[in-house]
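**Q** What follows is structure-v2.csv, CSV, C-alpha atoms.
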chain,number,residue,atom,x,y,z
A,9,PHE,CA,32.8,-48.0,94.6
A,10,LYS,CA,29.8,-48.4,92.2
A,11,ILE,CA,31.0,-45.5,90.2
A,12,ILE,CA,34.4,-47.1,89.8
A,13,THR,CA,32.8,-50.4,88.8
A,14,PHE,CA,30.6,-48.8,86.2
A,15,TYR,CA,33.5,-46.8,84.9
A,16,LEU,CA,35.6,-50.0,84.5
A,17,ILE,CA,32.7,-51.8,82.7
A,18,TYR,CA,32.2,-48.8,80.4
A,19,LYS,CA,36.0,-48.6,79.7
A,20,ALA,CA,36.1,-52.3,78.8
A,21,ILE,CA,33.1,-51.9,76.4
A,22,ILE,CA,34.8,-49.0,74.7
A,23,GLU,CA,38.1,-50.7,74.5
A,24,THR,CA,36.6,-53.8,72.9
A,25,GLY,CA,34.9,-51.7,70.3
A,26,LEU,CA,31.4,-52.4,71.3
A,27,VAL,CA,28.9,-49.6,70.8
A,28,SER,CA,26.4,-51.2,73.2
A,29,PRO,CA,26.3,-54.4,75.3
A,30,TYR,CA,23.9,-55.8,72.7
A,31,ASP,CA,26.7,-55.9,70.3
A,32,LEU,CA,28.3,-58.7,72.4
A,33,LEU,CA,25.1,-60.8,72.0
A,34,PHE,CA,25.1,-60.2,68.2
A,35,ARG,CA,28.8,-61.0,68.0
A,36,ASN,CA,28.1,-64.3,69.8
A,37,LEU,CA,25.3,-65.1,67.5
A,38,LYS,CA,27.4,-64.4,64.5
A,39,GLN,CA,30.1,-66.7,65.9
A,40,SER,CA,27.5,-69.4,66.5
A,41,GLU,CA,26.3,-69.0,62.9
A,42,GLU,CA,29.8,-69.3,61.6
A,43,ARG,CA,30.4,-72.5,63.7
A,44,PHE,CA,27.1,-73.9,62.4
A,45,ARG,CA,28.1,-73.1,58.9
A,46,PHE,CA,31.4,-74.9,59.4
A,47,LEU,CA,29.8,-77.9,61.0
A,48,PHE,CA,27.0,-78.4,58.6
A,49,GLU,CA,27.4,-76.3,55.4
A,50,ASP,CA,31.0,-77.5,54.8
A,51,ALA,CA,30.5,-80.9,56.3
A,52,PRO,CA,31.5,-84.0,54.2
A,53,THR,CA,28.1,-85.6,55.0
A,54,PRO,CA,24.7,-84.5,53.5
A,55,TYR,CA,22.8,-82.4,55.9
A,56,GLN,CA,19.2,-81.2,55.8
A,57,SER,CA,16.7,-79.4,58.1
A,58,LEU,CA,12.9,-79.8,57.8
A,59,ASP,CA,10.0,-77.8,59.3
A,60,ASP,CA,7.1,-79.4,61.1
A,61,GLN,CA,5.4,-80.1,57.7
A,62,GLY,CA,8.4,-81.8,56.3
A,63,ARG,CA,9.4,-78.9,54.0
A,64,ILE,CA,13.1,-78.4,53.5
A,65,VAL,CA,14.4,-75.4,55.4
A,66,SER,CA,18.0,-75.8,54.5
A,67,VAL,CA,20.5,-78.2,53.0
A,68,ASN,CA,24.3,-78.1,52.8
A,69,GLN,CA,26.5,-78.3,49.7
A,70,LYS,CA,27.2,-82.0,50.1
A,71,TRP,CA,23.5,-82.7,50.0
A,72,LEU,CA,23.1,-80.8,46.7
A,73,GLU,CA,26.1,-82.5,45.2
A,74,THR,CA,24.9,-86.0,46.3
A,75,LEU,CA,21.4,-85.4,44.8
A,76,GLY,CA,22.7,-83.4,41.8
A,77,LEU,CA,20.3,-80.5,42.5
A,78,SER,CA,20.5,-76.8,42.9
A,79,ARG,CA,19.6,-75.0,46.1
A,80,GLU,CA,16.8,-73.1,44.4
A,81,LYS,CA,15.1,-76.3,43.4
A,82,VAL,CA,15.2,-77.8,46.9
A,83,VAL,CA,14.6,-75.2,49.7
A,84,GLY,CA,10.9,-74.8,50.5
A,85,ARG,CA,9.8,-78.1,48.8
A,86,TRP,CA,8.3,-81.0,50.6
A,87,PHE,CA,11.0,-83.6,51.3
A,88,GLY,CA,8.7,-86.4,50.1
A,89,ASP,CA,9.1,-84.9,46.6
A,90,PHE,CA,12.6,-86.4,46.5
A,91,LEU,CA,11.5,-89.9,47.6
A,92,THR,CA,10.0,-92.9,45.9
A,93,PRO,CA,6.2,-93.5,46.6
A,94,GLN,CA,7.0,-96.3,49.1
A,95,SER,CA,9.5,-94.2,51.0
A,96,ARG,CA,7.1,-91.3,51.1
A,97,LYS,CA,4.8,-93.4,53.3
A,98,VAL,CA,7.7,-94.3,55.5
A,99,PHE,CA,8.8,-90.7,55.8
A,100,GLU,CA,5.3,-89.5,56.8
A,101,GLU,CA,5.1,-92.1,59.5
A,102,LYS,CA,8.6,-91.5,60.8
A,103,LEU,CA,8.3,-87.7,60.8
A,104,ALA,CA,5.4,-87.9,63.3
A,105,SER,CA,7.3,-90.2,65.6
A,106,PHE,CA,10.5,-88.2,65.0
A,107,LYS,CA,8.9,-85.0,66.3
A,108,ASP,CA,7.4,-86.8,69.4
A,109,GLU,CA,10.6,-88.7,70.3
A,110,GLY,CA,13.0,-86.0,69.4
A,111,GLN,CA,15.4,-88.2,67.4
A,112,GLY,CA,15.6,-90.8,64.8
A,113,ARG,CA,18.3,-93.3,63.8
A,114,GLY,CA,18.8,-95.6,60.9
A,115,ILE,CA,15.7,-94.5,58.9
A,116,GLU,CA,16.1,-96.0,55.5
A,117,LEU,CA,14.6,-94.1,52.6
A,118,GLU,CA,15.0,-94.4,48.8
A,119,MET,CA,15.7,-90.9,47.3
A,120,ILE,CA,15.5,-89.8,43.7
A,121,ARG,CA,18.5,-87.9,42.3
A,122,GLY,CA,18.2,-85.1,39.9
A,123,ASP,CA,19.0,-87.4,37.0
A,124,GLY,CA,16.2,-89.8,38.0
A,125,SER,CA,18.4,-92.5,39.5
A,126,LEU,CA,17.6,-94.0,42.9
A,127,MET,CA,19.7,-93.9,46.0
A,128,LEU,CA,19.1,-95.7,49.3
A,129,VAL,CA,20.1,-93.6,52.3
A,130,SER,CA,20.2,-94.1,56.1
A,131,LEU,CA,19.1,-91.0,57.9
A,132,ASP,CA,19.9,-90.0,61.5
A,133,GLY,CA,18.9,-86.8,63.2
A,134,LYS,CA,17.4,-84.8,66.1
A,135,THR,CA,14.8,-82.2,66.5
A,136,GLY,CA,15.4,-78.5,67.4
A,137,ARG,CA,13.2,-76.9,70.0
A,138,ASP,CA,12.2,-73.2,70.5
A,139,GLU,CA,12.4,-71.3,73.8
A,140,LYS,CA,9.0,-72.8,74.8
A,141,GLY,CA,10.2,-76.3,74.1
A,142,CYS,CA,8.1,-76.8,71.1
A,143,PHE,CA,9.3,-78.4,67.9
A,144,SER,CA,11.0,-76.0,65.5
A,145,GLN,CA,12.9,-78.0,62.9
A,146,THR,CA,14.8,-81.2,62.3
A,147,HIS,CA,18.6,-81.5,62.0
A,148,CYS,CA,19.5,-84.6,60.0
A,149,VAL,CA,22.4,-86.2,58.2
A,150,PHE,CA,22.3,-89.2,55.9
A,151,SER,CA,24.7,-91.6,54.2
A,152,ASP,CA,24.4,-93.3,50.9
A,153,ILE,CA,24.1,-97.1,51.6
A,154,THR,CA,23.1,-98.1,48.0
A,155,GLU,CA,26.4,-99.9,47.4
A,156,ARG,CA,26.4,-101.5,50.8
A,157,ARG,CA,22.9,-102.8,50.4
A,158,ARG,CA,23.8,-104.1,46.9
A,159,MET,CA,26.7,-106.1,48.3
A,160,GLU,CA,24.5,-107.4,51.1
A,161,GLU,CA,21.9,-108.6,48.6
A,162,GLU,CA,24.6,-110.2,46.5
A,163,LEU,CA,26.0,-112.0,49.6
A,164,ARG,CA,22.5,-113.1,50.5
A,165,ARG,CA,21.8,-114.4,47.0
A,166,ALA,CA,25.2,-116.3,47.0
A,167,HIS,CA,24.3,-117.8,50.4
A,168,ASP,CA,20.9,-118.9,49.2
A,169,LEU,CA,22.4,-120.3,46.0
A,170,LEU,CA,25.0,-122.2,48.1
A,171,GLU,CA,22.3,-123.6,50.3
A,172,ILE,CA,20.4,-124.8,47.2
A,173,ARG,CA,23.4,-126.5,45.8
A,174,VAL,CA,24.2,-128.1,49.2
A,175,ARG,CA,20.6,-129.5,49.3
A,176,GLU,CA,20.9,-130.7,45.7
A,177,ARG,CA,24.2,-132.4,46.4
A,178,THR,CA,22.9,-134.0,49.5
A,179,ALA,CA,19.8,-135.3,47.7
A,180,GLU,CA,22.1,-136.6,44.9
A,181,LEU,CA,24.3,-138.4,47.4
A,182,GLU,CA,21.3,-139.9,49.1
A,183,ARG,CA,20.0,-141.1,45.8
A,184,VAL,CA,23.4,-142.7,45.0
A,185,ASN,CA,23.5,-144.4,48.4
A,186,ARG,CA,20.0,-145.8,47.8
A,187,ASP,CA,21.0,-147.1,44.3
A,188,LEU,CA,24.1,-148.7,45.8
A,189,ALA,CA,22.0,-150.3,48.5
A,190,ASP,CA,19.5,-151.6,45.9
A,191,PHE,CA,22.4,-152.9,43.8
A,192,ASN,CA,24.0,-154.7,46.7
A,193,HIS,CA,20.6,-156.3,47.6
A,194,ILE,CA,20.0,-157.4,44.0
A,195,ALA,CA,23.6,-158.6,43.6
A,196,ALA,CA,23.4,-160.6,46.8
A,197,HIS,CA,20.1,-162.2,45.7
A,198,ASP,CA,21.4,-163.0,42.3
A,199,LEU,CA,24.6,-164.6,43.6
A,200,GLN,CA,22.8,-166.8,46.0
A,201,GLU,CA,21.1,-169.0,43.4
A,202,PRO,CA,24.3,-169.9,41.5
A,203,LEU,CA,26.0,-170.6,44.8
A,204,ARG,CA,23.2,-172.9,45.8
A,205,LEU,CA,23.5,-174.7,42.4
A,206,LEU,CA,27.3,-175.1,42.9
A,207,ILE,CA,26.8,-176.4,46.4
A,208,THR,CA,24.2,-178.9,45.2
A,209,LEU,CA,26.4,-180.0,42.3
A,210,GLY,CA,29.3,-180.3,44.7
A,211,ASP,CA,27.3,-182.4,47.1
A,212,ARG,CA,26.2,-184.8,44.2
A,213,LEU,CA,29.8,-185.1,43.0
A,214,ALA,CA,30.9,-185.9,46.5
A,215,SER,CA,28.2,-188.5,46.9
A,216,LYS,CA,29.2,-190.2,43.6
A,217,CYS,CA,32.8,-190.2,44.5
A,218,ALA,CA,32.1,-191.7,47.9
A,219,CYS,CA,30.1,-194.5,46.2
A,220,ARG,CA,33.0,-195.4,43.9
A,221,LEU,CA,35.4,-195.4,46.7
A,222,ASP,CA,33.2,-197.8,48.6
A,223,MET,CA,33.1,-200.2,45.6
Take the structure I supplied and represent it as structure tokens, if you would.
**A**
Amino acid sequence: FKIITFYLIYKAIIETGLVSPYDLLFRNLKQSEERFRFLFEDAPTPYQSLDDQGRIVSVNQKWLETLGLSREKVVGRWFGDFLTPQSRKVFEEKLASFKDEGQGRGIELEMIRGDGSLMLVSLDGKTGRDEKGCFSQTHCVFSDITERRRMEEELRRAHDLLEIRVRERTAELERVNRDLADFNHIAAHDLQEPLRLLITLGDRLASKCACRLDM
């Protein structure tokens, strides 16, 4: 029975064109690499992989297009070289926690394009582990949020300006109300004296008329 089993396995190997069983492993690895290349190299989102020192291991074509750089000028360099000084500090802090926690989300960094212009990105990713469970490299994607942040800043400024105008308008209305109250007080006071004079004069006239009628 064992002989028949071995024969059938051997026949299957020959028919599938494998020279040795290891070819099956290599074929699976090649298929995995092709899937990886499809998922990341041809992905519409910038992708990068860093080693434990923060050096760039690999990037995809979208990353290069977004930054306006060639692969030769990127791979092997420290990722912080493509960040503004302030974002470098953030990156160094986040990389340490990133390796410990195994993932990072919404990490905002300001990157420097090849032409010197700045770009704000939001980075998400996870860490890769070797067979011993130790950190091997990061797998991250990022999105350009420069325009979104600009719109948010414009909305914030518009909101702040609106609040200022509302406060100014409220203060103006309060001032007008105080002026009207003062005017009413003054007008009421000024009208009281003429009314008193008229009443006094009326009383006198009434008294004189009464005296004549008595005569």
**Q** Quote the spacing between CA of Ser57 in chain A and CA of Lys107 in chain A in Å to one decimal place.
**A**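 Going from CA of Ser57 in chain A over to CA of Lys107 in chain A covers 12.6 Å.
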**Q** Point out the residue among A:Gln94, A:Asn185, A:Thr53, A:Asn192 with the least atom-to-atom distance to Val67 in chain A, counting only C-alpha atoms.
**A**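 That would be A:Thr53, the residue with the smallest distance to Val67 in chain A.
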**Q** Enter the distance from CA of Asp132 in chain A to CA of Ser151 in chain A, in Å, rounded to one decimal.
**A**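 Separation of CA of Asp132 in chain A and CA of Ser151 in chain A: 8.9 Å.
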**Q** Please determine, counting all atoms listed in the file, which residue among A:Gly84, A:Gly141, A:Gly112, A:Gly124 has the shortest atom-to-atom distance to Leu58 in chain A.
**A** A:Gly84
**Q** Using all atoms listed in the file, which of A:His147, A:Arg183, A:Arg121, A:Arg175 sits nearest Asp59 in chain A?
**A**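 For Asp59 in chain A, the nearest of the candidates is A:His147.
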**Q** Tell me, in Å to one decimal, how far CA of Phe99 in chain A is from CA of Gln56 in chain A.
**A** 14.1 Å
**Q** Between A:Gly110, A:Gly76, A:Pro52, A:Gly122, which has the minimum distance to Gln145 in chain A (counting all atoms listed in the file)?
**A** A:Gly110
**Q** Which of these residues is nearest to Ser130 in chain A, using only C-alpha atoms: A:Arg158, A:Arg113, A:Lys70, A:Lys81?
**A**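 That would be A:Arg113, the residue with the smallest distance to Ser130 in chain A.
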**Q** For Arg96 in chain A, which residue among A:Leu169, A:Phe143, A:Arg137, A:Gly62 is the nearest when counting only C-alpha atoms?
**A**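 Smallest distance to Arg96 in chain A is found for A:Gly62.
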